[in-house]
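Below is the file protein_19.tsv, which contains TSV, C-alpha atoms and all ligand atoms.
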chain	number	residue	atom	x	y	z
A	1	MET	CA	57.35	63.47	58.59
A	2	LEU	CA	55.59	63.49	55.23
A	3	LYS	CA	57.66	66.44	54.18
A	4	LEU	CA	60.59	64.07	54.08
A	5	MET	CA	58.99	61.82	51.50
A	6	SER	CA	60.80	63.35	48.60
A	7	VAL	CA	64.13	62.41	50.15
A	8	ILE	CA	63.24	58.85	51.11
A	9	ASN	CA	65.89	56.67	49.57
A	10	LYS	CA	68.18	53.88	50.64
A	11	GLU	CA	70.62	56.19	52.41
A	12	TYR	CA	67.80	57.74	54.35
A	13	ILE	CA	66.43	54.35	55.42
A	14	ASP	CA	69.94	53.27	56.47
A	15	LEU	CA	70.35	56.41	58.54
A	16	GLN	CA	66.99	55.79	60.18
A	17	LYS	CA	68.00	52.21	60.96
A	18	GLU	CA	71.12	53.45	62.71
A	19	ILE	CA	69.08	55.93	64.69
A	20	LEU	CA	66.66	53.16	65.67
A	21	LYS	CA	69.55	51.06	66.94
A	22	LYS	CA	70.77	53.94	69.05
A	23	GLN	CA	67.29	54.68	70.37
A	24	SER	CA	66.85	51.13	71.49
A	25	LEU	CA	70.15	51.26	73.40
A	26	TRP	CA	69.25	54.63	74.88
A	27	LYS	CA	65.91	53.30	76.05
A	28	LYS	CA	67.73	50.52	77.91
A	29	GLU	CA	69.97	53.13	79.48
A	30	ILE	CA	67.05	54.92	81.13
A	31	SER	CA	64.79	51.94	81.77
A	32	GLN	CA	66.29	51.03	85.11
A	33	ASP	CA	65.76	54.42	86.65
A	34	PHE	CA	62.35	54.89	85.19
A	35	HIS	CA	59.47	54.07	87.49
A	36	ASP	CA	55.83	54.46	86.78
A	37	SER	CA	53.72	56.48	89.11
A	38	GLU	CA	50.16	55.49	89.90
A	39	LEU	CA	47.73	57.06	87.46
A	40	SER	CA	45.28	58.63	89.83
A	41	THR	CA	43.31	60.85	87.49
A	42	LYS	CA	43.24	58.91	84.30
A	43	ASN	CA	41.47	60.79	81.56
A	44	GLU	CA	41.01	58.22	78.84
A	45	ASN	CA	40.41	60.86	76.19
A	46	MET	CA	43.72	62.64	76.59
A	47	PRO	CA	47.21	61.39	75.65
A	48	LEU	CA	48.96	59.79	78.58
A	49	ILE	CA	52.08	61.97	78.39
A	50	GLU	CA	49.96	65.01	79.18
A	51	GLN	CA	48.82	63.34	82.38
A	52	ILE	CA	51.97	61.96	83.92
A	53	ASP	CA	54.83	63.69	85.51
A	54	PHE	CA	58.01	62.38	84.02
A	55	LYS	CA	61.44	63.81	84.19
A	56	VAL	CA	63.73	63.95	81.19
A	57	SER	CA	67.34	64.05	82.30
A	58	ILE	CA	68.82	67.02	80.47
A	59	PRO	CA	72.45	65.74	80.53
A	60	ILE	CA	71.28	62.43	79.03
A	61	TYR	CA	69.04	64.15	76.47
A	62	LYS	CA	71.95	66.37	75.50
A	63	SER	CA	74.32	63.43	75.10
A	64	TRP	CA	71.85	61.74	72.75
A	65	ILE	CA	71.47	64.90	70.68
A	66	LEU	CA	75.24	65.15	70.39
A	67	GLU	CA	75.40	61.54	69.22
A	68	LEU	CA	72.73	62.20	66.61
A	69	MET	CA	74.64	65.25	65.42
A	70	GLU	CA	77.78	63.21	65.07
A	71	LEU	CA	75.93	60.58	63.09
A	72	LEU	CA	74.45	63.21	60.77
A	73	SER	CA	77.84	64.88	60.19
A	74	ASP	CA	79.39	61.51	59.45
A	75	ARG	CA	76.74	60.74	56.91
A	76	GLN	CA	76.66	64.18	55.41
A	77	PRO	CA	79.91	66.06	56.00
A	78	SER	CA	78.37	69.23	54.55
A	79	LEU	CA	76.31	69.49	57.75
A	80	THR	CA	79.36	69.74	60.01
A	81	GLY	CA	79.32	73.54	60.12
A	82	GLU	CA	75.67	73.73	61.11
A	83	MET	CA	76.16	71.05	63.74
A	84	GLY	CA	78.91	73.16	65.27
A	85	GLN	CA	76.54	76.10	65.40
A	86	ILE	CA	73.84	74.03	67.10
A	87	LYS	CA	76.32	72.69	69.62
A	88	GLU	CA	76.92	76.26	70.76
A	89	LEU	CA	73.21	76.69	71.42
A	90	LEU	CA	72.71	73.65	73.58
A	91	ASN	CA	72.50	74.88	77.14
A	92	ASP	CA	70.15	73.52	79.81
A	93	VAL	CA	67.57	76.24	79.31
A	94	ILE	CA	67.19	75.61	75.61
A	95	LEU	CA	67.18	71.85	76.07
A	96	GLU	CA	64.37	72.05	78.64
A	97	ARG	CA	62.49	74.11	76.09
A	98	TRP	CA	63.14	71.54	73.33
A	99	VAL	CA	61.66	68.80	75.50
A	100	LYS	CA	58.58	70.88	76.20
A	101	GLU	CA	58.03	72.00	72.60
A	102	VAL	CA	58.69	68.63	71.00
A	103	LEU	CA	56.15	67.00	73.31
A	104	ALA	CA	53.66	69.69	72.31
A	105	PHE	CA	54.38	69.13	68.58
A	106	ASN	CA	55.34	72.78	68.30
A	107	GLU	CA	56.75	72.80	64.81
A	108	TYR	CA	56.56	76.57	64.71
A	109	TYR	CA	59.02	76.92	67.58
A	110	PHE	CA	61.64	74.76	65.86
A	111	THR	CA	61.22	76.35	62.44
A	112	ASN	CA	61.49	79.76	63.98
A	113	LEU	CA	64.63	78.80	65.90
A	114	ALA	CA	66.22	77.43	62.71
A	115	ASN	CA	65.42	80.62	60.83
A	116	THR	CA	66.76	82.85	63.57
A	117	GLU	CA	69.98	80.86	63.79
A	118	LYS	CA	70.19	80.50	59.99
A	119	ILE	CA	70.40	76.73	60.05
A	120	SER	CA	68.50	74.20	57.93
A	121	GLU	CA	64.87	74.19	58.93
A	122	TRP	CA	64.55	70.47	59.61
A	123	ILE	CA	67.55	70.03	61.91
A	124	PRO	CA	66.47	71.30	65.36
A	125	GLN	CA	63.16	69.42	65.36
A	126	PHE	CA	64.77	66.29	63.94
A	127	LEU	CA	67.28	66.23	66.80
A	128	ALA	CA	64.76	67.13	69.51
A	129	GLU	CA	62.32	64.52	68.23
A	130	HIS	CA	64.69	61.59	67.84
A	131	ALA	CA	66.23	62.19	71.25
A	132	ILE	CA	62.84	62.22	73.01
A	133	ARG	CA	61.64	58.96	71.48
A	134	PRO	CA	63.50	56.62	73.89
A	135	TYR	CA	61.58	58.30	76.72
A	136	LEU	CA	58.28	58.00	74.88
A	137	ARG	CA	58.94	54.32	74.16
A	138	GLN	CA	59.83	53.68	77.77
A	139	ILE	CA	56.60	55.33	78.89
A	140	ALA	CA	54.54	53.32	76.38
A	141	ASP	CA	56.16	50.17	77.75
A	142	VAL	CA	55.67	50.94	81.40
A	143	TYR	CA	52.05	52.00	80.98
A	144	ALA	CA	51.16	49.41	78.31
A	145	GLU	CA	48.34	48.00	80.37
A	146	ASP	CA	46.81	51.35	81.28
A	147	LEU	CA	46.86	52.34	77.62
A	148	THR	CA	44.58	49.49	76.57
A	149	SER	CA	41.65	51.16	78.28
A	150	PHE	CA	42.12	54.56	76.60
A	151	LYS	CA	39.26	55.62	74.39
A	152	HIS	CA	41.28	57.64	71.99
A	153	THR	CA	40.55	57.98	68.31
A	154	GLY	CA	42.68	59.76	65.77
A	155	THR	CA	45.83	60.00	67.82
A	156	CYS	CA	48.11	57.74	69.82
A	157	PRO	CA	46.76	57.34	73.38
A	158	CYS	CA	50.28	57.63	74.73
A	159	CYS	CA	52.06	60.43	72.86
A	160	GLY	CA	49.38	62.10	70.72
A	161	GLU	CA	50.92	61.29	67.31
A	162	PRO	CA	48.30	61.04	64.54
A	163	VAL	CA	47.27	57.44	63.89
A	164	ARG	CA	48.38	55.96	60.58
A	165	LEU	CA	49.59	52.38	61.02
A	166	ALA	CA	47.98	49.05	61.95
A	167	ARG	CA	48.73	45.37	61.63
A	168	LEU	CA	46.45	42.39	61.24
A	169	GLU	CA	47.76	39.83	63.68
A	170	GLY	CA	47.21	36.27	64.80
A	171	LYS	CA	45.09	33.61	63.15
A	172	VAL	CA	42.00	35.77	62.91
A	173	GLY	CA	43.83	38.90	61.86
A	174	LYS	CA	43.03	41.14	64.80
A	175	LYS	CA	43.57	44.80	63.92
A	176	VAL	CA	46.23	46.25	66.19
A	177	LEU	CA	47.26	49.88	65.84
A	178	TYR	CA	50.89	50.84	66.37
A	179	CYS	CA	52.38	54.23	67.03
A	180	PRO	CA	55.58	54.60	64.99
A	181	ARG	CA	56.76	57.27	67.40
A	182	CYS	CA	56.37	55.72	70.88
A	183	TYR	CA	55.47	52.13	69.91
A	184	ALA	CA	52.28	52.05	71.94
A	185	SER	CA	49.84	49.50	70.53
A	186	TRP	CA	46.13	48.97	71.01
A	187	SER	CA	43.55	46.86	69.29
A	188	GLU	CA	40.38	48.01	67.65
A	189	LYS	CA	37.42	46.54	65.79
A	190	ARG	CA	38.53	46.02	62.22
A	191	THR	CA	35.71	47.95	60.58
A	192	LYS	CA	36.00	50.95	62.86
A	193	CYS	CA	37.59	54.13	61.48
A	194	SER	CA	40.66	54.83	63.63
A	195	HIS	CA	40.19	58.56	63.19
A	196	CYS	CA	36.53	59.46	63.67
A	197	GLY	CA	35.42	56.22	65.30
A	198	VAL	CA	32.58	55.45	62.87
A	199	ASP	CA	31.94	51.74	62.46
A	200	HIS	CA	31.63	50.97	58.75
A	201	ASP	CA	30.62	47.34	59.25
A	202	ASP	CA	30.56	45.69	55.85
A	203	LYS	CA	30.96	49.00	54.04
A	204	MET	CA	34.60	49.48	55.01
A	205	LYS	CA	36.52	50.87	52.05
A	206	TYR	CA	39.93	49.48	51.18
A	207	LEU	CA	42.54	50.51	48.71
A	208	HIS	CA	45.45	48.29	47.90
A	209	LEU	CA	48.24	47.87	45.45
A	210	GLU	CA	47.63	45.45	42.63
A	211	ASN	CA	50.73	43.40	43.28
A	212	ASP	CA	50.55	43.09	47.07
A	213	SER	CA	47.33	42.26	48.86
A	214	THR	CA	49.01	42.26	52.30
A	215	LYS	CA	49.38	46.05	52.28
A	216	GLN	CA	46.14	47.96	52.39
A	217	LEU	CA	44.73	51.34	53.13
A	218	TYR	CA	41.54	51.55	55.13
A	219	VAL	CA	39.95	54.81	54.16
A	220	CYS	CA	36.98	56.65	55.62
A	221	ASP	CA	34.80	58.95	53.56
A	222	GLU	CA	33.16	60.34	56.71
A	223	CYS	CA	36.33	62.07	57.87
A	224	ASN	CA	38.62	61.69	54.81
A	225	SER	CA	41.27	59.83	56.75
A	226	TYR	CA	43.29	56.71	56.18
A	227	VAL	CA	45.22	54.05	58.06
A	228	LYS	CA	47.86	51.78	56.54
A	229	VAL	CA	46.97	48.21	57.43
A	230	ILE	CA	49.63	45.56	57.02
A	231	ASP	CA	48.43	41.98	57.00
A	232	GLU	CA	50.99	40.08	59.07
A	233	LYS	CA	49.04	36.91	59.76
A	234	GLN	CA	51.72	35.00	57.84
A	235	THR	CA	54.68	37.16	58.81
A	236	LEU	CA	57.25	35.66	61.18
A	237	LYS	CA	59.80	38.40	61.50
A	238	LYS	CA	58.13	41.68	62.34
A	239	ASP	CA	59.80	45.03	61.78
A	240	GLU	CA	59.64	47.57	64.56
A	241	PRO	CA	56.82	50.09	64.00
A	242	ALA	CA	59.04	53.01	62.92
A	243	LEU	CA	60.68	50.91	60.24
A	244	LEU	CA	57.41	49.44	59.05
A	245	ASP	CA	56.06	52.97	58.81
A	246	LEU	CA	59.02	54.12	56.72
A	247	ASN	CA	59.00	51.08	54.48
A	248	THR	CA	55.35	51.64	53.62
A	249	ILE	CA	55.59	55.33	52.94
A	250	TYR	CA	54.42	54.72	49.35
A	251	LEU	CA	51.02	53.92	50.91
A	252	ASP	CA	50.92	57.36	52.52
A	253	ILE	CA	51.66	58.85	49.14
A	254	LEU	CA	48.90	56.79	47.52
A	255	ALA	CA	46.39	57.79	50.22
A	256	GLN	CA	47.24	61.45	49.88
A	257	GLU	CA	47.01	61.31	46.11
A	258	LYS	CA	43.49	59.98	46.59
A	259	GLY	CA	42.67	62.89	48.87
A	260	TYR	CA	42.89	61.25	52.29
A	261	GLY	CA	44.90	62.54	55.25
A	262	VAL	CA	45.57	61.84	58.91
A	263	THR	CA	43.96	63.73	61.75
A	264	ILE	CA	45.91	66.50	63.34
A	265	GLU	CA	45.07	67.12	66.97
A	266	LYS	CA	42.99	70.23	67.45
A	267	ASP	CA	45.35	71.88	69.89
A	268	ARG	CA	48.41	71.22	67.82
A	269	VAL	CA	50.49	74.23	67.01
A	270	ASN	CA	51.49	74.37	63.38
B	301	ZN	ZN	52.66	57.32	70.38
B	302	ZN	ZN	36.50	58.32	59.82
Please render this file's structure as structure tokens.
Ligand SMILES: [Zn+2]
Ligand SMILES: [Zn+2]
Amino acid sequence: MLKLMSVINKEYIDLQKEILKKQSLWKKEISQDFHDSELSTKNENMPLIEQIDFKVSIPIYKSWILELMELLSDRQPSLTGEMGQIKELLNDVILERWVKEVLAFNEYYFTNLANTEKISEWIPQFLAEHAIRPYLRQIADVYAEDLTSFKHTGTCPCCGEPVRLARLEGKVGKKVLYCPRCYASWSEKRTKCSHCGVDHDDKMKYLHLENDSTKQLYVCDECNSYVKVIDEKQTLKKDEPALLDLNTIYLDILAQEKGYGVTIEKDRVN
């Protein structure tokens, strides 16, 4: 994600907005056939998706990937050749593998595949990732209540994405964390570090931009991590988490310039 920062511009944001629109339609498409199963062995320290048995329909997943490819070729005709090459690869076996590896954050698998097939490094993971998100968002929706009791720090309790975004909501400005990947949300004490869990009480450290006090970074010197905190007590129209995350990417840059990062799960493959 952060690798893309150098190419963040208006065209990129527009492309992302179109993808978000598609993802929201796709989520509707699967929502009717998606039923939650009882969580019998709920381990509150492990992301939910590792604990539930859910089936990704490969024909549907494939159709979404094809749509994304079409969108990318439209936007950037120079990609058409590579898209054709990828199309040739997409059989059921490889698509099952994509689902598995993208859920495991296996960047290495996708980079390796791109290198072997001599296609741009970012493309396979980009496609696999954006086509899985409607499923993740459906899961976060269906299990919203279960997720509130998860005791996760550092990563999203639903999908395992590193934590980096929160909003202050309501009159009192309750801190609510949002996952820009699956849209799970959960609240947390404001002075608690979302990564290591230390409660800083009145010693919480903030960084913010001089011209906008509603956008802050909560940073922790115990674990060198940060969370972007957007004060939306006065905000009426709220952007969806993925868009809010993209529109505040300058805060990620600021945090990283100051030496802070976001936790990467220990078992992540890089
Ligand atoms: Zn998530
Ligand atoms: Zn910390």
Exercise answer, 9 Å around ligand ZN 301 (chain B) with only C-alpha atoms and all ligand atoms, as a list in words: Pro47, Leu136, Arg137, Ala140, Thr155, Cys156, Pro157, Cys158, Cys159, Gly160, Glu161, Pro162, Val163, Tyr178, Cys179, Pro180, Arg181, Cys182, Tyr183, Ala184 and Ser185 of chain A
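You can rank A:Ala255, A:Ala242, A:Cys220, A:Leu89 by their closest distance to ligand ZN 302 (chain B) using all atoms listed in the file, and at the top of that list sits A:Cys220.
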10 Å shell around ligand ZN 302 (chain B) using all atoms listed in the file, listed as a list in words: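 Counting all atoms listed in the file, the residues within 10 Å of ligand ZN 302 (chain B) come out as Thr153, Gly154, Lys192, Cys193, Ser194, His195, Cys196, Gly197, Val198, Asp199, His200, Tyr218, Val219, Cys220, Asp221, Glu222, Cys223, Asn224, Ser225, Tyr226, Val227, Val262 and Thr263 of chain A.
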Distance criterion (all atoms listed in the file): nearest to Lys87 in chain A out of A:Lys62, A:Leu20, A:Thr111, A:Phe105: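 With all atoms listed in the file as the atom set, the closest residue is A:Lys62.
Separating CA of Leu168 in chain A from CA of Arg190 in chain A is a distance of 8.8 Å.
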Atomic separation - CA of Lys55 in chain A relative to CA of Ile86 in chain A, Å: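 Separating CA of Ile86 in chain A from CA of Lys55 in chain A is a distance of 23.5 Å.
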What's the 12 Å shell around Ile94 in chain A, counting all atoms listed in the file, without same-chain residues fewer than 2 positions away, as a PDB file with C-alpha atoms, in the frame of the given file?
ATOM      1  CA  ILE A  58      68.820  67.020  80.470  1.00  0.00           C
ATOM      2  CA  TYR A  61      69.040  64.150  76.470  1.00  0.00           C
ATOM      3  CA  LYS A  62      71.950  66.370  75.500  1.00  0.00           C
ATOM      4  CA  ILE A  86      73.840  74.030  67.100  1.00  0.00           C
ATOM      5  CA  LYS A  87      76.320  72.690  69.620  1.00  0.00           C
ATOM      6  CA  GLU A  88      76.920  76.260  70.760  1.00  0.00           C
ATOM      7  CA  LEU A  89      73.210  76.690  71.420  1.00  0.00           C
ATOM      8  CA  LEU A  90      72.710  73.650  73.580  1.00  0.00           C
ATOM      9  CA  ASN A  91      72.500  74.880  77.140  1.00  0.00           C
ATOM     10  CA  ASP A  92      70.150  73.520  79.810  1.00  0.00           C
ATOM     11  CA  GLU A  96      64.370  72.050  78.640  1.00  0.00           C
ATOM     12  CA  ARG A  97      62.490  74.110  76.090  1.00  0.00           C
ATOM     13  CA  TRP A  98      63.140  71.540  73.330  1.00  0.00           C
ATOM     14  CA  VAL A  99      61.660  68.800  75.500  1.00  0.00           C
ATOM     15  CA  LYS A 100      58.580  70.880  76.200  1.00  0.00           C
ATOM     16  CA  GLU A 101      58.030  72.000  72.600  1.00  0.00           C
ATOM     17  CA  VAL A 102      58.690  68.630  71.000  1.00  0.00           C
ATOM     18  CA  TYR A 109      59.020  76.920  67.580  1.00  0.00           C
ATOM     19  CA  PHE A 110      61.640  74.760  65.860  1.00  0.00           C
ATOM     20  CA  LEU A 113      64.630  78.800  65.900  1.00  0.00           C
ATOM     21  CA  PRO A 124      66.470  71.300  65.360  1.00  0.00           C
ATOM     22  CA  ALA A 128      64.760  67.130  69.510  1.00  0.00           C
TER      23      ALA A 128
END
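Relative to CA of Arg164 in chain A, CA of Leu251 in chain A is found at 10.2 Å.
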Long-range neighbours of Lys228 in chain A as JSON, numbers by chain, 6 Å cut-off, all atoms listed in the file, 4 positions minimum in chain: {"A": [164, 165, 216, 217]}
Residues within 12 Å of (55.2, 48.6, 81.5), file coords, all atoms listed in the file, listed as a ChimeraX atom specification: /A:31-32,34-38,136-148,184
Spatial neighbours of Gln85 in chain A, max dist 12 Å, all atoms listed in the file, sep filter under 2 positions, as a ChimeraX atom specification: /A:69,79-83,87-90,114,117-120,123-124
